[in-house]
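Below: data-v1.pdb (PDB, C-alpha atoms)
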```pdb
MODEL        1
ATOM      1  CA  MET P  29     -25.733  16.391 -59.299
ATOM      2  CA  PHE P  30     -24.711  16.536 -55.628
ATOM      3  CA  LYS P  31     -28.285  17.008 -54.507
ATOM      4  CA  LYS P  32     -29.367  14.040 -56.520
ATOM      5  CA  ILE P  33     -26.805  11.705 -54.955
ATOM      6  CA  LYS P  34     -27.620  12.830 -51.450
ATOM      7  CA  GLN P  35     -31.270  12.207 -51.940
ATOM      8  CA  LYS P  36     -30.626   8.740 -53.285
ATOM      9  CA  LYS P  37     -28.388   7.824 -50.356
ATOM     10  CA  ILE P  38     -30.962   8.819 -47.775
ATOM     11  CA  GLN P  39     -33.542   6.825 -49.542
ATOM     12  CA  GLY P  40     -31.175   3.818 -49.492
ATOM     13  CA  PHE P  41     -31.023   3.443 -45.666
ATOM     14  CA  THR P  42     -33.269   0.708 -44.408
ATOM     15  CA  LEU P  43     -34.283  -0.123 -40.872
ATOM     16  CA  VAL P  44     -32.217  -3.351 -40.905
ATOM     17  CA  GLU P  45     -29.126  -1.430 -42.025
ATOM     18  CA  MET P  46     -29.589   1.106 -39.256
ATOM     19  CA  MET P  47     -30.053  -1.592 -36.640
ATOM     20  CA  ILE P  48     -26.924  -3.487 -37.687
ATOM     21  CA  TYR P  49     -24.992  -0.220 -37.749
ATOM     22  CA  LEU P  50     -26.151   0.718 -34.250
ATOM     23  CA  ALA P  51     -25.384  -2.770 -32.938
ATOM     24  CA  LEU P  52     -21.834  -2.556 -34.287
ATOM     25  CA  MET P  53     -21.382   0.912 -32.834
ATOM     26  CA  THR P  54     -22.496  -0.353 -29.447
ATOM     27  CA  ILE P  55     -20.041  -3.258 -29.536
ATOM     28  CA  ILE P  56     -17.192  -0.928 -30.518
ATOM     29  CA  ALA P  57     -18.095   1.512 -27.769
ATOM     30  CA  VAL P  58     -18.110  -1.273 -25.163
ATOM     31  CA  VAL P  59     -14.731  -2.587 -26.334
ATOM     32  CA  ILE P  60     -13.205   0.892 -26.271
ATOM     33  CA  VAL P  61     -14.472   1.688 -22.791
ATOM     34  CA  GLN P  62     -13.283  -1.669 -21.474
ATOM     35  CA  SER P  63      -9.820  -1.256 -22.923
ATOM     36  CA  ILE P  64      -9.522   2.248 -21.506
ATOM     37  CA  VAL P  65     -10.429   0.878 -18.098
ATOM     38  CA  ILE P  66      -7.786  -1.876 -18.426
ATOM     39  CA  VAL P  67      -5.102   0.595 -19.478
ATOM     40  CA  LEU P  68      -5.929   3.004 -16.642
ATOM     41  CA  LYS P  69      -5.874   0.163 -14.117
ATOM     42  CA  SER P  70      -2.498  -1.170 -15.203
ATOM     43  CA  ASN P  71      -1.234   2.395 -15.364
ATOM     44  CA  ARG P  72      -2.155   2.856 -11.703
ATOM     45  CA  LYS P  73      -0.512  -0.471 -10.845
ATOM     46  CA  GLY P  74       2.651   0.563 -12.669
ATOM     47  CA  PHE P  75       2.760   3.903 -10.856
ATOM     48  CA  ALA P  76       2.264   2.173  -7.507
ATOM     49  CA  GLU P  77       5.046  -0.316  -8.196
ATOM     50  CA  SER P  78       7.495   2.312  -9.339
ATOM     51  CA  ASN P  79       6.688   4.383  -6.203
ATOM     52  CA  LEU P  80       7.465   1.362  -4.005
ATOM     53  CA  ARG P  81      10.662   0.548  -5.869
ATOM     54  CA  ASN P  82      11.980   4.104  -5.606
ATOM     55  CA  ALA P  83      11.062   4.333  -1.916
ATOM     56  CA  ALA P  84      12.652   0.975  -1.058
ATOM     57  CA  TYR P  85      15.783   1.971  -2.928
ATOM     58  CA  SER P  86      16.229   5.354  -1.263
ATOM     59  CA  ALA P  87      15.424   4.065   2.237
ATOM     60  CA  LEU P  88      17.510   0.881   2.182
ATOM     61  CA  GLU P  89      20.523   2.417   0.424
ATOM     62  CA  ALA P  90      20.666   5.227   2.992
ATOM     63  CA  ILE P  91      20.292   2.889   5.979
ATOM     64  CA  VAL P  92      22.823   0.321   4.696
ATOM     65  CA  ARG P  93      25.350   3.042   3.866
ATOM     66  CA  GLU P  94      25.131   4.473   7.403
ATOM     67  CA  LEU P  95      25.282   0.983   8.972
ATOM     68  CA  HIS P  96      28.473   0.166   7.056
ATOM     69  CA  ALA P  97      30.024   3.414   8.304
ATOM     70  CA  SER P  98      29.080   2.823  11.967
ATOM     71  CA  ASP P  99      30.974   1.509  14.982
ATOM     72  CA  SER P 100      28.183   0.387  17.286
ATOM     73  CA  ILE P 101      24.435   0.235  17.770
ATOM     74  CA  ILE P 102      22.921   2.535  20.391
ATOM     75  CA  ILE P 103      19.413   1.229  19.869
ATOM     76  CA  ALA P 104      17.777  -0.955  17.226
ATOM     77  CA  THR P 105      14.103  -1.648  17.705
ATOM     78  CA  ASP P 106      10.666  -1.231  16.183
ATOM     79  CA  GLY P 107      10.771   2.003  14.179
ATOM     80  CA  LEU P 108      13.995   3.342  15.672
ATOM     81  CA  LEU P 109      17.683   2.891  14.847
ATOM     82  CA  GLN P 110      20.489   4.894  16.434
ATOM     83  CA  LEU P 111      24.089   4.403  15.374
ATOM     84  CA  ASN P 112      27.445   5.579  16.684
ATOM     85  CA  GLN P 113      29.989   6.765  14.174
ATOM     86  CA  THR P 114      33.513   7.989  14.928
ATOM     87  CA  ASN P 115      35.150   7.980  11.536
ATOM     88  CA  PRO P 116      35.738  10.565  10.086
ATOM     89  CA  ILE P 117      33.986  12.515  12.904
ATOM     90  CA  VAL P 118      32.010  11.626  16.005
ATOM     91  CA  ASN P 119      28.440  11.470  14.832
ATOM     92  CA  ILE P 120      25.149   9.877  15.805
ATOM     93  CA  VAL P 121      22.735   8.880  13.076
ATOM     94  CA  GLN P 122      19.090   8.141  13.762
ATOM     95  CA  PHE P 123      16.500   6.592  11.471
ATOM     96  CA  SER P 124      12.999   6.686  12.898
ATOM     97  CA  THR P 125       9.403   6.430  11.774
ATOM     98  CA  SER P 126       7.054   9.250  12.738
ATOM     99  CA  SER P 127       3.410   8.954  13.811
ATOM    100  CA  ASP P 128       2.312   9.736  10.248
ATOM    101  CA  ALA P 129       4.325   6.743   8.958
ATOM    102  CA  ARG P 130       7.220   8.647   7.405
ATOM    103  CA  LEU P 131      10.863   7.619   7.657
ATOM    104  CA  ASN P 132      13.036  10.451   8.954
ATOM    105  CA  LEU P 133      16.767  10.986   9.258
ATOM    106  CA  PHE P 134      18.424  12.753  12.200
ATOM    107  CA  GLU P 135      22.077  13.424  12.899
ATOM    108  CA  GLY P 136      24.015  15.095  15.673
ATOM    109  CA  GLY P 137      26.979  15.023  18.030
ATOM    110  CA  SER P 138      25.003  13.358  20.828
ATOM    111  CA  THR P 139      21.617  11.707  21.302
ATOM    112  CA  SER P 140      20.271  14.873  22.938
ATOM    113  CA  THR P 141      21.347  17.238  20.157
ATOM    114  CA  LEU P 142      20.038  15.442  17.095
ATOM    115  CA  SER P 143      18.849  17.658  14.283
ATOM    116  CA  TYR P 144      16.214  16.697  11.755
ATOM    117  CA  LEU P 145      17.661  16.312   8.269
ATOM    118  CA  GLY P 146      14.479  15.368   6.444
ATOM    119  CA  PRO P 147      12.378  12.487   5.205
ATOM    120  CA  LEU P 148      14.014   9.652   3.274
ATOM    121  CA  ILE P 149      11.118   8.684   1.052
ATOM    122  CA  SER P 150       8.523  10.624  -0.888
ATOM    123  CA  LYS P 151       5.138  11.367   0.635
ATOM    124  CA  ASP P 152       3.346   9.033  -1.820
ATOM    125  CA  VAL P 153       4.654   6.070   0.131
ATOM    126  CA  ILE P 154       4.019   5.308   3.795
ATOM    127  CA  VAL P 155       6.090   3.060   6.032
ATOM    128  CA  LYS P 156       3.556   0.601   7.462
ATOM    129  CA  SER P 157       6.195  -1.261   9.439
ATOM    130  CA  LEU P 158       9.922  -0.854   9.980
ATOM    131  CA  ILE P 159      11.694  -3.121  12.429
ATOM    132  CA  PHE P 160      15.408  -3.109  13.174
ATOM    133  CA  PHE P 161      16.798  -6.285  14.766
ATOM    134  CA  PRO P 162      20.197  -5.956  16.440
ATOM    135  CA  ILE P 163      22.625  -8.814  15.789
ATOM    136  CA  ASN P 164      25.726  -9.395  17.894
ATOM    137  CA  THR P 165      28.137 -12.087  16.803
ATOM    138  CA  GLY P 166      30.543 -11.404  19.661
ATOM    139  CA  LYS P 167      33.084 -10.045  17.197
ATOM    140  CA  SER P 168      30.914  -7.762  15.112
ATOM    141  CA  GLN P 169      27.498  -6.142  15.108
ATOM    142  CA  ALA P 170      24.861  -6.121  12.397
ATOM    143  CA  VAL P 171      21.280  -4.981  11.913
ATOM    144  CA  LYS P 172      18.506  -6.805  10.117
ATOM    145  CA  ILE P 173      15.961  -4.483   8.501
ATOM    146  CA  GLN P 174      12.394  -5.545   7.861
ATOM    147  CA  MET P 175      10.294  -2.907   6.111
ATOM    148  CA  ASN P 176       6.773  -2.754   4.722
ATOM    149  CA  LEU P 177       6.003   0.044   2.266
ATOM    150  CA  THR P 178       2.503   0.912   1.114
ATOM    151  CA  THR P 179       1.375   3.301  -1.576
ATOM    152  CA  THR P 180      -2.047   4.299  -2.875
ATOM    153  CA  VAL P 181      -2.485   5.566  -6.430
ATOM    154  CA  ASP P 182      -6.058   6.642  -7.303
ATOM    155  CA  GLY P 183      -7.609   4.269  -4.814
ATOM    156  CA  GLN P 184      -5.397   1.324  -5.793
ATOM    157  CA  THR P 185      -3.285   0.250  -2.797
ATOM    158  CA  LYS P 186      -0.148  -1.808  -3.126
ATOM    159  CA  SER P 187       2.297  -2.847  -0.471
ATOM    160  CA  GLU P 188       5.477  -4.862  -0.383
ATOM    161  CA  TRP P 189       7.918  -6.179   2.227
ATOM    162  CA  PHE P 190      11.648  -5.574   1.874
ATOM    163  CA  TYR P 191      14.435  -7.228   3.866
ATOM    164  CA  ASP P 192      18.107  -6.457   4.244
ATOM    165  CA  THR P 193      20.943  -7.023   6.678
ATOM    166  CA  ALA P 194      24.122  -4.985   7.018
ATOM    167  CA  ILE P 195      27.206  -5.377   9.186
ATOM    168  CA  LEU P 196      28.623  -2.369  11.040
ATOM    169  CA  LYS P 197      32.119  -2.352   9.555
ATOM    170  CA  GLY P 198      33.464  -0.253  12.413
ATOM    171  CA  SER P 199      32.361  -2.872  14.949
ATOM    172  CA  TYR P 200      35.145  -5.373  14.175
TER
ATOM    173  CA  MET K  26     -21.666   8.087 -62.663
ATOM    174  CA  GLY K  27     -18.913   6.020 -61.102
ATOM    175  CA  ARG K  28     -18.931   8.261 -58.083
ATOM    176  CA  LYS K  29     -22.615   7.742 -57.673
ATOM    177  CA  ASN K  30     -22.144   3.979 -57.539
ATOM    178  CA  LEU K  31     -19.399   4.267 -54.946
ATOM    179  CA  GLN K  32     -21.542   6.398 -52.679
ATOM    180  CA  LYS K  33     -24.367   3.973 -52.914
ATOM    181  CA  GLY K  34     -22.144   1.011 -52.056
ATOM    182  CA  SER K  35     -20.678   2.488 -48.853
ATOM    183  CA  GLY K  36     -22.300   0.594 -46.057
ATOM    184  CA  LEU K  37     -21.693  -2.487 -43.996
ATOM    185  CA  VAL K  38     -18.587  -3.795 -45.759
ATOM    186  CA  GLU K  39     -16.753  -0.498 -45.287
ATOM    187  CA  ILE K  40     -17.782  -0.281 -41.688
ATOM    188  CA  LEU K  41     -16.716  -3.875 -41.069
ATOM    189  CA  VAL K  42     -13.276  -3.271 -42.593
ATOM    190  CA  ALA K  43     -12.878  -0.113 -40.514
ATOM    191  CA  ILE K  44     -13.860  -1.948 -37.342
ATOM    192  CA  PHE K  45     -11.463  -4.766 -38.167
ATOM    193  CA  ILE K  46      -8.488  -2.435 -38.662
ATOM    194  CA  PHE K  47      -9.433  -0.390 -35.631
ATOM    195  CA  SER K  48      -9.708  -3.428 -33.369
ATOM    196  CA  ILE K  49      -6.304  -4.758 -34.517
ATOM    197  CA  ILE K  50      -4.693  -1.414 -33.644
ATOM    198  CA  LEU K  51      -6.514  -1.235 -30.324
ATOM    199  CA  GLY K  52      -5.511  -4.813 -29.462
ATOM    200  CA  ALA K  53      -1.870  -4.086 -30.214
ATOM    201  CA  LEU K  54      -1.927  -0.948 -28.042
ATOM    202  CA  ILE K  55      -3.484  -2.806 -25.125
ATOM    203  CA  ASN K  56      -0.993  -5.660 -25.447
ATOM    204  CA  ALA K  57       1.932  -3.256 -25.519
ATOM    205  CA  SER K  58       0.784  -1.299 -22.479
ATOM    206  CA  SER K  59       0.004  -4.407 -20.428
ATOM    207  CA  ALA K  60       3.424  -5.876 -21.304
ATOM    208  CA  TYR K  61       5.028  -2.617 -20.193
ATOM    209  CA  PHE K  62       3.211  -2.542 -16.868
ATOM    210  CA  SER K  63       3.708  -6.223 -16.056
ATOM    211  CA  GLY K  64       7.389  -5.562 -16.780
ATOM    212  CA  ALA K  65       7.286  -2.799 -14.161
ATOM    213  CA  GLY K  66       5.818  -5.305 -11.672
ATOM    214  CA  ALA K  67       8.553  -7.848 -12.366
ATOM    215  CA  ASN K  68      11.018  -5.037 -11.726
ATOM    216  CA  LEU K  69       9.658  -4.520  -8.205
ATOM    217  CA  LEU K  70      10.159  -8.208  -7.397
ATOM    218  CA  SER K  71      13.708  -8.195  -8.769
ATOM    219  CA  THR K  72      14.493  -5.153  -6.573
ATOM    220  CA  LYS K  73      13.239  -7.115  -3.573
ATOM    221  CA  ALA K  74      15.306 -10.136  -4.678
ATOM    222  CA  ALA K  75      18.449  -8.004  -4.970
ATOM    223  CA  TYR K  76      18.092  -6.895  -1.329
ATOM    224  CA  LEU K  77      17.403 -10.486  -0.231
ATOM    225  CA  ALA K  78      20.607 -11.594  -1.981
ATOM    226  CA  GLU K  79      22.583  -8.764  -0.359
ATOM    227  CA  GLU K  80      21.124  -9.799   2.998
ATOM    228  CA  GLY K  81      22.184 -13.412   2.298
ATOM    229  CA  ILE K  82      25.818 -12.400   1.811
ATOM    230  CA  GLU K  83      25.866 -10.243   4.959
ATOM    231  CA  ALA K  84      24.053 -12.937   6.971
ATOM    232  CA  VAL K  85      26.639 -15.587   6.088
ATOM    233  CA  LYS K  86      29.335 -13.069   7.041
ATOM    234  CA  THR K  87      27.756 -12.699  10.495
ATOM    235  CA  ILE K  88      27.774 -16.513  10.781
ATOM    236  CA  ARG K  89      31.445 -16.404   9.807
ATOM    237  CA  ASP K  90      32.070 -13.669  12.417
ATOM    238  CA  SER K  91      30.625 -15.785  15.245
ATOM    239  CA  ASN K  92      33.063 -18.563  14.480
ATOM    240  CA  TRP K  93      34.903 -19.612  11.344
ATOM    241  CA  SER K  94      34.139 -23.260  12.169
ATOM    242  CA  ASN K  95      30.439 -22.443  11.494
ATOM    243  CA  ILE K  96      31.136 -22.399   7.781
ATOM    244  CA  SER K  97      34.234 -24.603   7.546
ATOM    245  CA  THR K  98      33.992 -27.931   5.760
ATOM    246  CA  SER K  99      33.366 -29.799   9.000
ATOM    247  CA  THR K 100      30.048 -27.940   9.495
ATOM    248  CA  LEU K 101      28.839 -27.019   5.997
ATOM    249  CA  GLU K 102      29.395 -29.487   3.186
ATOM    250  CA  ASP K 103      30.930 -28.084   0.036
ATOM    251  CA  ASN K 104      28.569 -27.269  -2.833
ATOM    252  CA  THR K 105      25.449 -28.084  -0.812
ATOM    253  CA  ASP K 106      22.438 -25.795  -0.609
ATOM    254  CA  TYR K 107      21.619 -24.398   2.828
ATOM    255  CA  TYR K 108      18.896 -22.015   3.908
ATOM    256  CA  LEU K 109      19.203 -19.036   6.235
ATOM    257  CA  TYR K 110      17.173 -18.821   9.379
ATOM    258  CA  PHE K 111      16.939 -15.722  11.565
ATOM    259  CA  ASP K 112      16.847 -16.925  15.149
ATOM    260  CA  THR K 113      15.072 -14.454  17.453
ATOM    261  CA  SER K 114      14.438 -17.029  20.181
ATOM    262  CA  SER K 115      17.153 -15.678  22.456
ATOM    263  CA  SER K 116      15.806 -12.683  24.344
ATOM    264  CA  THR K 117      19.236 -11.089  24.457
ATOM    265  CA  ASN K 118      20.524 -11.651  20.982
ATOM    266  CA  ASN K 119      19.277 -12.340  17.467
ATOM    267  CA  ILE K 120      21.465 -14.397  15.186
ATOM    268  CA  TRP K 121      21.518 -15.741  11.628
ATOM    269  CA  LYS K 122      21.857 -19.505  11.354
ATOM    270  CA  ALA K 123      22.403 -21.971   8.519
ATOM    271  CA  THR K 124      19.843 -24.739   8.226
ATOM    272  CA  THR K 125      18.865 -27.528   5.849
ATOM    273  CA  THR K 126      15.169 -26.831   6.502
ATOM    274  CA  ALA K 127      13.658 -25.225   3.425
ATOM    275  CA  SER K 128      11.869 -21.915   3.864
ATOM    276  CA  ILE K 129       9.974 -19.617   1.524
ATOM    277  CA  ILE K 130      10.052 -15.860   2.069
ATOM    278  CA  ASP K 131       6.681 -14.124   1.546
ATOM    279  CA  ASN K 132       5.284 -17.213  -0.248
ATOM    280  CA  ASN K 133       7.453 -16.584  -3.286
ATOM    281  CA  PHE K 134      11.186 -16.158  -2.719
ATOM    282  CA  VAL K 135      13.503 -19.099  -2.038
ATOM    283  CA  ARG K 136      16.968 -18.165  -0.813
ATOM    284  CA  THR K 137      19.775 -20.704  -0.652
ATOM    285  CA  PHE K 138      23.484 -20.380  -0.183
ATOM    286  CA  LYS K 139      26.409 -22.701  -0.697
ATOM    287  CA  VAL K 140      30.087 -22.578   0.122
ATOM    288  CA  ASN K 141      32.869 -24.052  -1.960
ATOM    289  CA  SER K 142      36.513 -24.757  -1.223
ATOM    290  CA  VAL K 143      39.059 -22.413  -2.715
ATOM    291  CA  ASN K 144      42.321 -23.625  -4.249
ATOM    292  CA  ARG K 145      45.426 -21.475  -4.356
ATOM    293  CA  ASP K 146      48.626 -21.913  -6.316
ATOM    294  CA  ALA K 147      52.132 -21.622  -4.925
ATOM    295  CA  ASN K 148      51.921 -17.810  -5.213
ATOM    296  CA  GLY K 149      48.681 -17.642  -3.237
ATOM    297  CA  ARG K 150      46.519 -16.843  -6.245
ATOM    298  CA  ILE K 151      43.041 -18.329  -6.422
ATOM    299  CA  ILE K 152      42.814 -20.943  -9.172
ATOM    300  CA  SER K 153      39.861 -23.022 -10.311
ATOM    301  CA  SER K 154      41.651 -26.371 -10.100
ATOM    302  CA  GLY K 155      44.926 -27.796  -8.849
ATOM    303  CA  GLY K 156      47.023 -26.174  -6.153
ATOM    304  CA  THR K 157      46.141 -26.647  -2.530
ATOM    305  CA  ILE K 158      42.890 -26.022  -0.671
ATOM    306  CA  ASP K 159      42.946 -22.882   1.471
ATOM    307  CA  ALA K 160      41.150 -23.887   4.673
ATOM    308  CA  TYR K 161      40.539 -20.233   5.613
ATOM    309  CA  THR K 162      38.903 -19.029   2.398
ATOM    310  CA  LYS K 163      35.533 -20.065   0.990
ATOM    311  CA  LYS K 164      33.607 -19.092  -2.074
ATOM    312  CA  LEU K 165      30.091 -18.078  -1.065
ATOM    313  CA  THR K 166      27.189 -18.108  -3.526
ATOM    314  CA  VAL K 167      23.724 -16.863  -2.586
ATOM    315  CA  SER K 168      20.867 -17.721  -4.963
ATOM    316  CA  ILE K 169      17.372 -16.275  -4.970
ATOM    317  CA  SER K 170      14.576 -17.737  -7.044
ATOM    318  CA  TRP K 171      11.085 -16.374  -7.366
ATOM    319  CA  VAL K 172       8.034 -16.749  -9.558
ATOM    320  CA  SER K 173       6.917 -13.814 -11.669
ATOM    321  CA  ASN K 174       4.447 -13.945 -14.596
ATOM    322  CA  ASN K 175       4.260 -17.762 -14.278
ATOM    323  CA  SER K 176       7.982 -18.222 -14.809
ATOM    324  CA  THR K 177      10.759 -18.793 -12.295
ATOM    325  CA  THR K 178      13.704 -16.423 -12.194
ATOM    326  CA  THR K 179      16.956 -17.207 -10.389
ATOM    327  CA  LYS K 180      19.637 -14.670  -9.565
ATOM    328  CA  SER K 181      22.939 -15.396  -7.834
ATOM    329  CA  LEU K 182      25.572 -13.348  -6.033
ATOM    330  CA  SER K 183      29.061 -14.672  -5.330
ATOM    331  CA  THR K 184      31.916 -13.517  -3.169
ATOM    332  CA  TYR K 185      34.936 -14.895  -1.318
ATOM    333  CA  ILE K 186      34.921 -14.892   2.453
ATOM    334  CA  THR K 187      37.969 -15.387   4.613
ATOM    335  CA  ASN K 188      38.679 -16.070   8.234
ATOM    336  CA  ILE K 189      39.558 -12.488   9.152
ATOM    337  CA  LEU K 190      39.202 -12.797  12.914
TER
ENDMDL
END
```
Full structure transcribed into C-alpha cells:
Amino acid sequence: MFKKIKQKKIQGFTLVEMMIYLALMTIIAVVIVQSIVIVLKSNRKGFAESNLRNAAYSALEAIVRELHASDSIIIATDGLLQLNQTNPIVNIVQFSTSSDARLNLFEGGSTSTLSYLGPLISKDVIVKSLIFFPINTGKSQAVKIQMNLTTTVDGQTKSEWFYDTAILKGSY
Amino acid sequence: MGRKNLQKGSGLVEILVAIFIFSIILGALINASSAYFSGAGANLLSTKAAYLAEEGIEAVKTIRDSNWSNISTSTLEDNTDYYLYFDTSSSTNNIWKATTTASIIDNNFVRTFKVNSVNRDANGRIISSGGTIDAYTKKLTVSISWVSNNSTTTKSLSTYITNIL
C-alpha cells in the first residue's frame, strides 16, 4: 500500500506546482536572511550602547567621588587631572589618558611618587577626548568634565559625549 | 483510503498555512528584539541626561559660591527658566553663568533650571505656603528634556541651596 501511495504522489507533482513551491521557498529564505541581519545589527548596537553606558558610569563616578573628597586642584587640563586630598590622609589622585586612549588612575603621597592603580574603563571602550576645566569661584573650586567615549563592536562604531561638573568639597 | 486522499491533498494550502504561521512568529521575534535594543539605546541617553542634571545642580552651586546675590530674587526671577552657560572666555578662569539665551546640548538635550523662594514657619521648618520667605534659602530645580524614539522625555532634579558662605 505504501509503495502505491508514494508512486501516486510523485506522479502528482506538476511543473507549475514545483515553480510556485520554489518561488515561495525563495521568498521565505530572503525574509529569514534579512531578519537575521536586522537582529545581528541591533544586537551589535545594543552591545555598543551598553559598553558606553558602563564605561561612562565607572569613569564619571570615580572622578566625581575623588573630586568631592579633594581640597584643591593641582592641574586640570586636556587629559590630565591632579587633585590634592588631605582628609583622611595626605594623598594625590591623578586621572590621565594614555597614548592608547585609556583612562588611568594614579595615587601617591606626592606628584613624583604616584603609583599606577589601573585603568578605569574596560578595553572595549576608548577615550577619544577627555577635558578637565578648572573652575574657581573665589570661595570654592570645581572641575567640569567633558568626555567622549567610543566603542567598536564587530565593525559598528558608536560614540557619545558625557558631561559632568563636581565641586571640591574640601575647597570651601 | 482516507490516508491516501490526505497525502494527495498536501500541497500549496499546507505550505501557505505553514508560511503564514512561521512569518507571524518571525515578525513577533523581530519586533521583540528591536524593542529591546531600542530600549537599550534610550537607556544610554537617560544615563547622559542624569549626568547633565547632576552637572546642572553643581553648576548652580558654583554660581551660588561666587556670590549669593547671583541667584537671589534680585538677579534671578522666581519660577523662571534659565539656561546654563559655561564661560571659558577668561584666560585665567572658567565659570558657570546663568543666561536667558536658550541652548541645546549635542543637538538634543535642553537643560533649564529655576529657583523658587522658600517659606519657613516660626520653628524654621520649610513649608509649602504661609510663614515667611527665607531670603537665604532657595529651591533649585534642574530639568533636562531630550528626544528619544520620536518622543520627548523630561527628567527633573530638585534640591535646596542655602547661602553657606
- request: Please provide the set of residues having any atom within 10 Å of P:Lys151, restricted to only C-alpha atoms, with same-chain residues fewer than 5 positions apart removed, written as a ChimeraX atom specification.
  value: /P:79,83,129-131,179
- prompt: Care to translate the ChimeraX specification (/K :<9) & /P into actual residues of this file, as a PyMOL selection string?
  reply: chain P and resi 33-34+36-37+40+45+48-49+52+56+59-60+63-64+66-67+70-71+73-75+77-78+80-81+84-85+88+161-170+172+188-195+200
Please dump the current selection as an mmCIF file, in the coordinates of the input; keep C-alpha atoms.
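Below you can see again_19.cif, which holds the result:
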```
data_model
loop_
_atom_site.group_PDB
_atom_site.id
_atom_site.type_symbol
_atom_site.label_atom_id
_atom_site.label_comp_id
_atom_site.auth_asym_id
_atom_site.auth_seq_id
_atom_site.Cartn_x
_atom_site.Cartn_y
_atom_site.Cartn_z
ATOM 1 C CA ILE P 33 -26.805 11.705 -54.955
ATOM 2 C CA LYS P 34 -27.620 12.830 -51.450
ATOM 3 C CA LYS P 36 -30.626 8.740 -53.285
ATOM 4 C CA LYS P 37 -28.388 7.824 -50.356
ATOM 5 C CA GLY P 40 -31.175 3.818 -49.492
ATOM 6 C CA GLU P 45 -29.126 -1.430 -42.025
ATOM 7 C CA ILE P 48 -26.924 -3.487 -37.687
ATOM 8 C CA TYR P 49 -24.992 -0.220 -37.749
ATOM 9 C CA LEU P 52 -21.834 -2.556 -34.287
ATOM 10 C CA ILE P 56 -17.192 -0.928 -30.518
ATOM 11 C CA VAL P 59 -14.731 -2.587 -26.334
ATOM 12 C CA ILE P 60 -13.205 0.892 -26.271
ATOM 13 C CA SER P 63 -9.820 -1.256 -22.923
ATOM 14 C CA ILE P 64 -9.522 2.248 -21.506
ATOM 15 C CA ILE P 66 -7.786 -1.876 -18.426
ATOM 16 C CA VAL P 67 -5.102 0.595 -19.478
ATOM 17 C CA SER P 70 -2.498 -1.170 -15.203
ATOM 18 C CA ASN P 71 -1.234 2.395 -15.364
ATOM 19 C CA LYS P 73 -0.512 -0.471 -10.845
ATOM 20 C CA GLY P 74 2.651 0.563 -12.669
ATOM 21 C CA PHE P 75 2.760 3.903 -10.856
ATOM 22 C CA GLU P 77 5.046 -0.316 -8.196
ATOM 23 C CA SER P 78 7.495 2.312 -9.339
ATOM 24 C CA LEU P 80 7.465 1.362 -4.005
ATOM 25 C CA ARG P 81 10.662 0.548 -5.869
ATOM 26 C CA ALA P 84 12.652 0.975 -1.058
ATOM 27 C CA TYR P 85 15.783 1.971 -2.928
ATOM 28 C CA LEU P 88 17.510 0.881 2.182
ATOM 29 C CA PHE P 161 16.798 -6.285 14.766
ATOM 30 C CA PRO P 162 20.197 -5.956 16.440
ATOM 31 C CA ILE P 163 22.625 -8.814 15.789
ATOM 32 C CA ASN P 164 25.726 -9.395 17.894
ATOM 33 C CA THR P 165 28.137 -12.087 16.803
ATOM 34 C CA GLY P 166 30.543 -11.404 19.661
ATOM 35 C CA LYS P 167 33.084 -10.045 17.197
ATOM 36 C CA SER P 168 30.914 -7.762 15.112
ATOM 37 C CA GLN P 169 27.498 -6.142 15.108
ATOM 38 C CA ALA P 170 24.861 -6.121 12.397
ATOM 39 C CA LYS P 172 18.506 -6.805 10.117
ATOM 40 C CA GLU P 188 5.477 -4.862 -0.383
ATOM 41 C CA TRP P 189 7.918 -6.179 2.227
ATOM 42 C CA PHE P 190 11.648 -5.574 1.874
ATOM 43 C CA TYR P 191 14.435 -7.228 3.866
ATOM 44 C CA ASP P 192 18.107 -6.457 4.244
ATOM 45 C CA THR P 193 20.943 -7.023 6.678
ATOM 46 C CA ALA P 194 24.122 -4.985 7.018
ATOM 47 C CA ILE P 195 27.206 -5.377 9.186
ATOM 48 C CA TYR P 200 35.145 -5.373 14.175
#
```
- request: Give me, please, the distance in Å between atom CA of K:Leu101 and atom CA of K:Thr162, quoted to one decimal.
  value: 13.3 Å
message: Once the PyMOL selection byres ((chain P and resi 90-104) around 6) has been evaluated on this model, what residues remain selected, and can you format them as a ChimeraX atom specification?
response: /P:87-89,105,108-113,160-162,194,196-199
Can you report as JSON the centre and edge lengths in Å, to one decimal, of an axis-aligned box around the listed atoms of stretch 53-64 of chain P padded with 4 Å on each side?
```
{"center_x": -16.0, "center_y": -0.5, "center_z": -27.2, "size_x": 21.0, "size_y": 13.5, "size_z": 19.4}
```
message: Quick one: residues within 6 Å of P:Leu133, only C-alpha atoms, excluding same-chain residues fewer than 2 positions away - as an NGL selection string?
response: :P and (122-123 or 145-146)
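Here the PyMOL selection byres ((chain K and resi 169-171) around 9) captures the residues Leu70, Ser71, Ala74, Ala75, Leu77, Ala78, Asn133, Phe134, Val135, Arg136, Thr137, Phe138, Val167, Ser168, Val172, Ser173, Ser176, Thr177, Thr178, Thr179, Lys180, Ser181 and Leu182 of chain K.
For the atom pair formed by atom CA of P:Ile117 and atom CA of P:Asn132, the distance is 21.4 Å, given to one decimal.
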For P:Met175, work out the shell of residues within 8 Å, counting all atoms listed in the file and skipping chain neighbours fewer than 2 positions away, then give it as a PDB file with C-alpha atoms, in the coordinates of the input.
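Generated file (result-v8.pdb):
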```pdb
ATOM      1  CA  VAL P 155       6.090   3.060   6.032  1.00  0.00           C
ATOM      2  CA  LYS P 156       3.556   0.601   7.462  1.00  0.00           C
ATOM      3  CA  SER P 157       6.195  -1.261   9.439  1.00  0.00           C
ATOM      4  CA  LEU P 158       9.922  -0.854   9.980  1.00  0.00           C
ATOM      5  CA  ILE P 159      11.694  -3.121  12.429  1.00  0.00           C
ATOM      6  CA  ILE P 173      15.961  -4.483   8.501  1.00  0.00           C
ATOM      7  CA  LEU P 177       6.003   0.044   2.266  1.00  0.00           C
ATOM      8  CA  TRP P 189       7.918  -6.179   2.227  1.00  0.00           C
ATOM      9  CA  PHE P 190      11.648  -5.574   1.874  1.00  0.00           C
ATOM     10  CA  TYR P 191      14.435  -7.228   3.866  1.00  0.00           C
TER      11      TYR P 191
END
```
- prompt: In file coordinates, which residues lie within 9 Å of (34.2, -19.9, 2.7) using only C-alpha atoms, given as a PyMOL selection string?
  reply: chain K and resi 89+93+96-98+139-143+160-165+184-188
